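The block underneath contains the structure these notes are about, expressed in structure tokens.
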Amino acid sequence: MIEVEHLSLTYHSAKQTHLAVDDVSFTVKQGQFYTLLGPSGCGKTTTLRCVAGLERPDLGEIRIDGAPVSSSNKDVWIPPNRRSIGMVFQSYAIWPHMTVFENVAFPLRYGVKKVSGRDVRDRVQKALDLVQLGHLADRAAPHLSGGQQQRLALARAFVMEPKVLLLDEPLSNLDAKLREEMRIELRHLVKSMGVTTIFVTHEQIEALTLSDVIAVMKNGKIVQEGNPLDIYQRPANAFVADFIGKSNLVPGTVTTNPSANGIVRVDCAWGSLACSAPSGSTSGAIMVAIRPEHLELTPSGSADENVLVGTLEAAAFVGNMTDCIVKVGQTSFKVQLHPDRTPVVGSQVSLYIAARHCLAMRADA
Amino acid sequence: MTDGPVNRDGLVLRPQGGGAAIQPTAWAKPGRISWRFIMPKEDPWAIVMVCVVGLFSLFILSIPVIIIILSFREGRPIDPVSAYSFMHYASVFTDPVAYRALINTITFSLVTLLVAFVFGLPAAWLVERTDLPAKPLLYTLMTLGILLPGFATAMGWLFMLHPRIGLVNVFFMRVVGFAEAPFNIATIVGMGWVQGLSLAPIAFIMTAAVLRAIDPALEESAQMSGANFFNIIRKVTLRLAWPGILAAGIYILTIGFAAFDVPGIIGMSNRIFTFSTYLLTQLAPHDDLPHYGKAAALSTVVMAASGLLALWYGRLQSQAYRYQVVTGKGYRPRILGLGRYVWLAWLFLGVYFLLSKFLPLLIVVWASALPYFQLPSENAFKSMSWSNFENIPWDMTLLGLRNTAILMVLVPTITLACAVAFSWVVLRSKVPGRLAFDFVAFLPHAIPNIVFGVGILLVALFLLRNVIPFYGTLWILLFVFVIGRISYATRMTNSTLIQVHKELEEAATMSGVGTGTIIRRVLLPILAPTMIYAWIWMALLTFRELTLAVILTTKDNLTLPVVVWSMWSSGDYGAASAITLLLICLMVPLTAFYWWAVRKTGIQTT
């Protein structure tokens with residue numbers, strides 16, 4: 001549905017040039033919810049704006065429904081207002097001088113595909129009902145709450161019945177509680193419309209809960225693409241392991257060839273670990289990523305289980321768990337323990353972890 | 001790639017499979033370097049705006065260039081090219097009258113600045129930093145004070161302090177028994193006093209804005225450190241406000257350089273010249289052919305001087321980071337209780353309004369009612385009549401009124417249209433070198449307007465004479481007025497457009513509309529309050545504009561202030577006073593509308 005190939009864009013300022021998007025390629029299938037995830041400045045929004053047509057890439061091709069909308073080779077350029085893409089902006093971009101109704105009617109009245117008077121009313125009402133704003137149609141747009149403005153922006157994007165929907169951090173301006181509600185609703189709305197969606201966010205929780213596919217970006221490049229479970233359980237490199245969820249990252253050296261079930265031995269500063277290598281062949285200097293919630297106080301009895309012996313340095317009660325720091329040799333580990341079973345600070349603890357949860361990966365992104 | 005119909009932008013449309021709504025556009029020549037640099041939305045409106053801005057900028061830039069060229073060219077501008085030399089400059093600096101005029105201008109500007117600050121700064125401090133009541137009223141009075149034509153108050157002051165007929169002087173000589181007149185307004189200092197009084201509101205408004213932006217915590221911490229009131233003012237408040245105050249000072253100096261109303265009304269008849277009035281004598285001498293070359297040389301000298309001031313101003317702005325504590329944030333200022341000294345504040349402000357507005361106007365009313373100017377006496381009251389109003393040369397006045405009315409509508413409208421185009425190109429388009437346009441739009445602010453008047457006169461007379469004969473038409477006035485106001489208008493539209501989130505326009509783009517619809521349906525409605533405000537303000541300034549008109553006016557394109565000016569120059573003070581009052585009365589309804597608009601839109605600054 002959406003194909004992006006070898007997309008590159010450089011920003012030029014007076015003093016320096018900045019490669020914002022660096023040879024990015026990806027494909028979004030019909031009806032898929034595709035997320036670009038990364039820290040600020042990683043090029044995710046720029047990539048999205050290239051698909052929208054609000055930025056003009058230097059190189060590469062973007063095809064929607066098989067037809068190129070932007071191509072440096074074929075010298076094709078379709079301006080954004082002729083691409084028929086729905087978009088929700090970070091600021092919502094609700095026009096303050098219009099009513100709720102007028103905001104939604106705008107694309108139908110003045111857009112490329114103009115719609116006759118009565119149809120406008122029907123379609124606007126339908127779109128507003130969809131986001132549960134039907135009763136507020138005549139209200140002045142600035143008199144809406146943040147969550148309502150967010151829904152209004154969605155209704156405006158949906159009203160054209162676009163095949164493609166672009167969401168640029170649409171939840172970031174909401175307060176925490178509302179954000180959680182809207183997350184669920186957003187996924188539901190988008191899926192019920194069947195619209196192909198690209199979603200940009202720096203919040204890993206949003207990416208994990210909403211997406212069919214996540215592409216993690218860093219420095220203008222996609223460093224890993226996969227479904228949420230893949231990305232979380234099998235990060236391809238240290239950056240992804242650290243950015244998605246928390247990870248303890250420990251440098252080490254691979255000393256054996258993979259065994260039959262894919263386990264390798266890794267020498268670390270304080271000893272040797274049995275690790276799995278989800279991202280394929282691994283050798284030499286690597287990073288081992290261990291999630292804090294995988295370190296247990298009791299052995300599970302699984303094969304190739306590692307034991308780390310250290311001292312509990314600090315523990316902070318945060319409600320459903322205790323955030324602990326355990327020092328093993330010279331290395332500090334973040335550990336999440338159950339509050340009832342957290343030992344006294346200063347005591348010696350043994351931490352158990354299965355080899356499949358010790359992930360050996362390339363150190364660089 | 002010519003296998004498709006050419007659309008109106010000259011681009012080739014290529015049929016393409018896929019989505020029906022999607023129609024790829026390709027350039028006639030593939031691989032042009034413009035791929036990234038061309039405007040993001042290649043629709044006709046964007047191109048029209050870029051063209052308008054480009055042409056307009058070219059014209060603005062051409063004016064100083066032509067002045068400079070003519071200032072070096074020997075002989076008269078219509079003569080065939082002879083030689084280039086410093087001849088005209090030599091004549092400026094060797095002619096004692098011209099040299100004197102330049103020195104006078106500097107003295108006049110400095111006195112103007114001093115007087116404007118003496119009244120404007122304390123007023124700003126009182127409004128922003130004390131518990132003085134009725135502050136909105138004071139703001140309104142100060143703003144409206146700018147609108148009162150300079151020639152009206154100049155007339156009033158001349159009637160008061162003229163060495164021979166001035167009321168105060170006559171009083172001292174006849175009643176008190178002075179041997180000679182104690183005051184003489186017809187001096188450089190006297191004119192600077194009058195000009196300074198009329199520019200005090202500008203000092204007030206500009207410094208009030210600066211004071212408002214200073215974080216009061218900085219003053220409070222000085223107080224906590226044990227500093228007393230005057231030390232806080234001297235060492236903290238004034239130091240922090242210094243760049244802003246300096247900027248106001250430079251602006252007022254630039255206005256003073258080219259001020260025409262006051263030196264014209266008071267100085268010219270007494271043969272005391274400043275730059276602007278001397279310039280007029282060179283362009284329209286009584287007994288000689290116009291000295292265009294000399295006028296151009298004189299203009300170049302003043303351009304250079306104001307250019308230096310503008311550079312200094314620019315340097316101040318670029319060093320502003322040192323004063324980053326002065327933010328745009330609206331703080332709750334530290335308010336000083338005036339207590340029982342509040343009467344002193346009122347006295348100060350009362351004296352200002354009395355001297356700058358009320359007394360001069362009252363005297364003009366008095367003069368308009370008398371057959372000849374005299375002290376109030378029984379005889380004088382008996383001789384009061386409407387005869388001055390009845391003797392107004394109505395054909396001339398009505399022509400002036402008609403022209404002024406046309407200009408008053410067209411000037412703000414066209415200026416704002418251009419200003420929106422300028423702001424859009426500078427802030428929203430991706431045209432290479434767009435920041436240069438902002439600089440060009442700032443030029444008429446930095447260079448005295450009267451210089452642009454001279455430049456357009458030269459352009460109209462010598463460059464475009466046979467191409468577009470618009471010398472002596474209303475259009476030349478329209479043109480120069482628009483250039484004169486473009487800096488103000490672009491600053492207004494710039495500052496508003498900066499506050500409009502770019503995503504509001506991008507959302508419209510994604511809704512499938514082009515730049516034209518975005519401007520009409522999204523930007524203009526959002527900018528409307530500022531635009532209405534700026535429109536009325538410019539209309540009022542156009543209504544009373546004398547300086548630019550007086551240089552370019554002929555008997556066909558008279559404006560109302562020029563009618564006043566010609567009555568005054570021919571010595572008919574009664575009729576001049578009467579028409580001035582008529583003009584002020586006509587401004588009242590529009591001013592009321594302005595006041596209403598300010599209250600409605602809540603815009604405060606000018």
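For the structure tokens, the naming scheme is as follows: chains receive sequential letters (A, B, ...) according to their order of presentation, residues are indexed from 1 within each chain, and ligands are indexed from 1 in presentation order.
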
Open item on the list: At a cut-off of 8 Å, using only C-alpha atoms, what residues contact A:Ala207? Leave out same-chain residues fewer than 3 positions from it and give the result as a list in words.
Closed with: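 That gives Thr35, Leu37, Thr201, Glu203, Gln204, Leu210, Ser211, Ile214 and Pro228 of chain A.
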
With a cut-off of 7 Å, could you pull out the residues of chain A touching chain B and give me the nearest pair of atoms for each, distance in Å to one decimal, using only C-alpha atoms, ordered by chain and ascending number, as CSV?
```
residue,atom,partner,partner_atom,distance
A:Arg56,CA,B:Arg36,CA,6.1
A:Asp58,CA,B:Arg36,CA,6.5
A:Asp65,CA,B:Gly18,CA,6.3
A:Gly66,CA,B:Gly18,CA,6.0
A:Ala67,CA,B:Gly18,CA,5.1
A:Val69,CA,B:Pro24,CA,6.5
A:Asp75,CA,B:Pro30,CA,5.8
A:Val76,CA,B:Ala26,CA,5.0
A:Trp77,CA,B:Thr25,CA,5.6
A:Ile78,CA,B:Pro24,CA,5.2
A:Pro79,CA,B:Lys41,CA,5.9
A:Pro80,CA,B:Met510,CA,6.1
A:Asn81,CA,B:Gly512,CA,3.8
A:Arg82,CA,B:Gly512,CA,5.7
A:Arg83,CA,B:Ile22,CA,6.0
A:Ser84,CA,B:Gly512,CA,6.5
A:Ile85,CA,B:Met510,CA,6.3
A:Gly86,CA,B:Met510,CA,6.4
A:Met87,CA,B:Met510,CA,6.5
A:Phe89,CA,B:Glu503,CA,6.8
A:Ala93,CA,B:Leu504,CA,4.5
A:Ile94,CA,B:Leu504,CA,6.7
A:Trp95,CA,B:Leu504,CA,6.4
A:His97,CA,B:Ile526,CA,6.5
A:Pro107,CA,B:Ser511,CA,4.6
A:Tyr110,CA,B:Val513,CA,6.1
A:Gly111,CA,B:Gly512,CA,4.2
A:Val112,CA,B:Gly512,CA,5.1
```

Please produce a file of those selected residues containing C-alpha atoms, as an mmCIF file, in the first residue's frame.
```cif
data_model
loop_
_atom_site.group_PDB
_atom_site.id
_atom_site.type_symbol
_atom_site.label_atom_id
_atom_site.label_comp_id
_atom_site.auth_asym_id
_atom_site.auth_seq_id
_atom_site.Cartn_x
_atom_site.Cartn_y
_atom_site.Cartn_z
ATOM 1 C CA ARG A 56 10.521 17.107 -0.231
ATOM 2 C CA ASP A 58 16.374 14.622 -1.894
ATOM 3 C CA ASP A 65 -1.261 2.248 -3.977
ATOM 4 C CA GLY A 66 1.426 1.456 -6.486
ATOM 5 C CA ALA A 67 1.599 4.960 -7.934
ATOM 6 C CA VAL A 69 3.834 10.322 -5.388
ATOM 7 C CA ASP A 75 11.250 13.220 -11.247
ATOM 8 C CA VAL A 76 7.709 12.816 -10.009
ATOM 9 C CA TRP A 77 6.258 15.110 -7.410
ATOM 10 C CA ILE A 78 2.682 15.280 -6.272
ATOM 11 C CA PRO A 79 1.962 18.182 -3.958
ATOM 12 C CA PRO A 80 0.559 17.193 -0.565
ATOM 13 C CA ASN A 81 -2.881 18.661 -1.216
ATOM 14 C CA ARG A 82 -3.371 16.248 -4.117
ATOM 15 C CA ARG A 83 -2.310 13.087 -2.292
ATOM 16 C CA SER A 84 -5.630 12.506 -0.458
ATOM 17 C CA ILE A 85 -3.966 11.567 2.785
ATOM 18 C CA GLY A 86 -5.558 12.125 6.190
ATOM 19 C CA MET A 87 -3.211 13.518 8.791
ATOM 20 C CA PHE A 89 -0.797 16.748 13.782
ATOM 21 C CA ALA A 93 -4.032 22.090 14.237
ATOM 22 C CA ILE A 94 -7.696 22.811 14.918
ATOM 23 C CA TRP A 95 -8.640 26.043 13.156
ATOM 24 C CA HIS A 97 -11.890 30.629 13.876
ATOM 25 C CA PRO A 107 -11.740 19.172 3.380
ATOM 26 C CA TYR A 110 -12.564 23.226 -0.356
ATOM 27 C CA GLY A 111 -10.469 20.108 -0.932
ATOM 28 C CA VAL A 112 -9.580 18.355 -4.149
#
```

TODO: Would you mind telling me which residue in A:Met193, A:Val115, A:Leu152, A:Val28 lies nearest to A:Val4 when using only C-alpha atoms?
DONE: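 The closest residue to A:Val4 is A:Val28.
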
- [ ] In Å, rounded to a single decimal, give me how far atom CA of B:Trp193 is from atom CA of B:Lys357.
- [x]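 Distance reported for this atom pair: 13.1 Å.
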
Task: Expected answer as a ChimeraX atom specification: alpha helix (DSSP H) residues in stretch 56-300 of chain A - done: /A:100-110,117-130,146-158,176-193,204-210,228-233,238-243

Task: Spatial neighbours of B:Leu362, 12 Å, only C-alpha atoms, chain gap at least 3 places, as a ChimeraX atom specification - done: /B:152-153,155-157,159-160,354-359,365-369,577,581

Open item on the list: Using only C-alpha atoms, which protein or nucleic acid residues come within 9 Å of stretch 247-262 of chain A? Drop anything in the same chain fewer than 2 positions from it, and give the result as a VMD selection string.
Closed with: chain A and resid 238 241 to 245 264 to 269 272 275 to 278 281 to 292 331 to 335 360 363

- [ ] Mind checking which residues fall within 8 Å of A:Pro96, counting only C-alpha atoms, ignoring those fewer than 6 positions away in the same chain, and posting them as an NGL selection string?
- [x] (:A and (140-142)) or (:B and (526))

Limited to C-alpha atoms, could you put the picked residues into a file as a PDB file, in the first residue's frame?
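What follows is the written file part32.pdb:
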```pdb
ATOM      1  CA  ALA A 140     -16.540  27.032  18.575  1.00  0.00           C
ATOM      2  CA  ALA A 141     -13.446  24.882  18.154  1.00  0.00           C
ATOM      3  CA  PRO A 142     -11.281  26.606  20.816  1.00  0.00           C
TER       4      PRO A 142
ATOM      5  CA  ILE B 526      -6.834  34.217  11.951  1.00  0.00           C
TER       6      ILE B 526
END
```

- [ ] Quick one: pull the distance between atom CA of B:Gly75 and atom CA of B:Lys294, Å, one decimal.
- [x] 10.0 Å

TODO: For atom CA of B:Ala123 and atom CA of B:Leu349, determine how far apart the two atoms are, in Å to one decimal place.
DONE: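 According to the coordinates, atom CA of B:Ala123 and atom CA of B:Leu349 are separated by 7.1 Å.
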
TODO: Please provide the set of residues having any atom within 9 Å of B:Pro149, restricted to only C-alpha atoms, with same-chain residues fewer than 3 positions apart removed, written as a list of chain:residue names.
DONE: B:Gly145, B:Ile146, B:Ala152, B:Thr153, B:Ala154, B:Ser198, B:Asp261, B:Leu541, B:Arg544, B:Glu545, B:Leu546, B:Pro561, B:Thr580, B:Ile584

Open item on the list: Which of stretch 39-162 of chain A end up as strand (DSSP E) when DSSP is run on this backbone - answer as an MDAnalysis selection string?
Closed with: chainID A and resid 59:64 67:71 76:77 85:88

TODO: May I have the residues within 12 Å of A:Phe26 as an MDAnalysis selection string, using only C-alpha atoms and disregarding those fewer than 3 positions away in the same chain?
DONE: chainID A and resid 1:7 23 29 34:36 47:48 51 60:63 198 213:217 221:226

Task: Among listed residues B:Ile450, B:Ala305, B:Ile519, B:Leu336, nearest B:Arg428 (using only C-alpha atoms) - done: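 Using only C-alpha atoms, the shortest distance to B:Arg428 belongs to B:Ile519.
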
TODO: Using only C-alpha atoms, pick whichever of A:Arg118, A:Lys15, A:Lys246, A:His294 has the shortest atom-to-atom distance to A:His338.
DONE: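 Counting only C-alpha atoms, the residue closest to A:His338 is A:His294.
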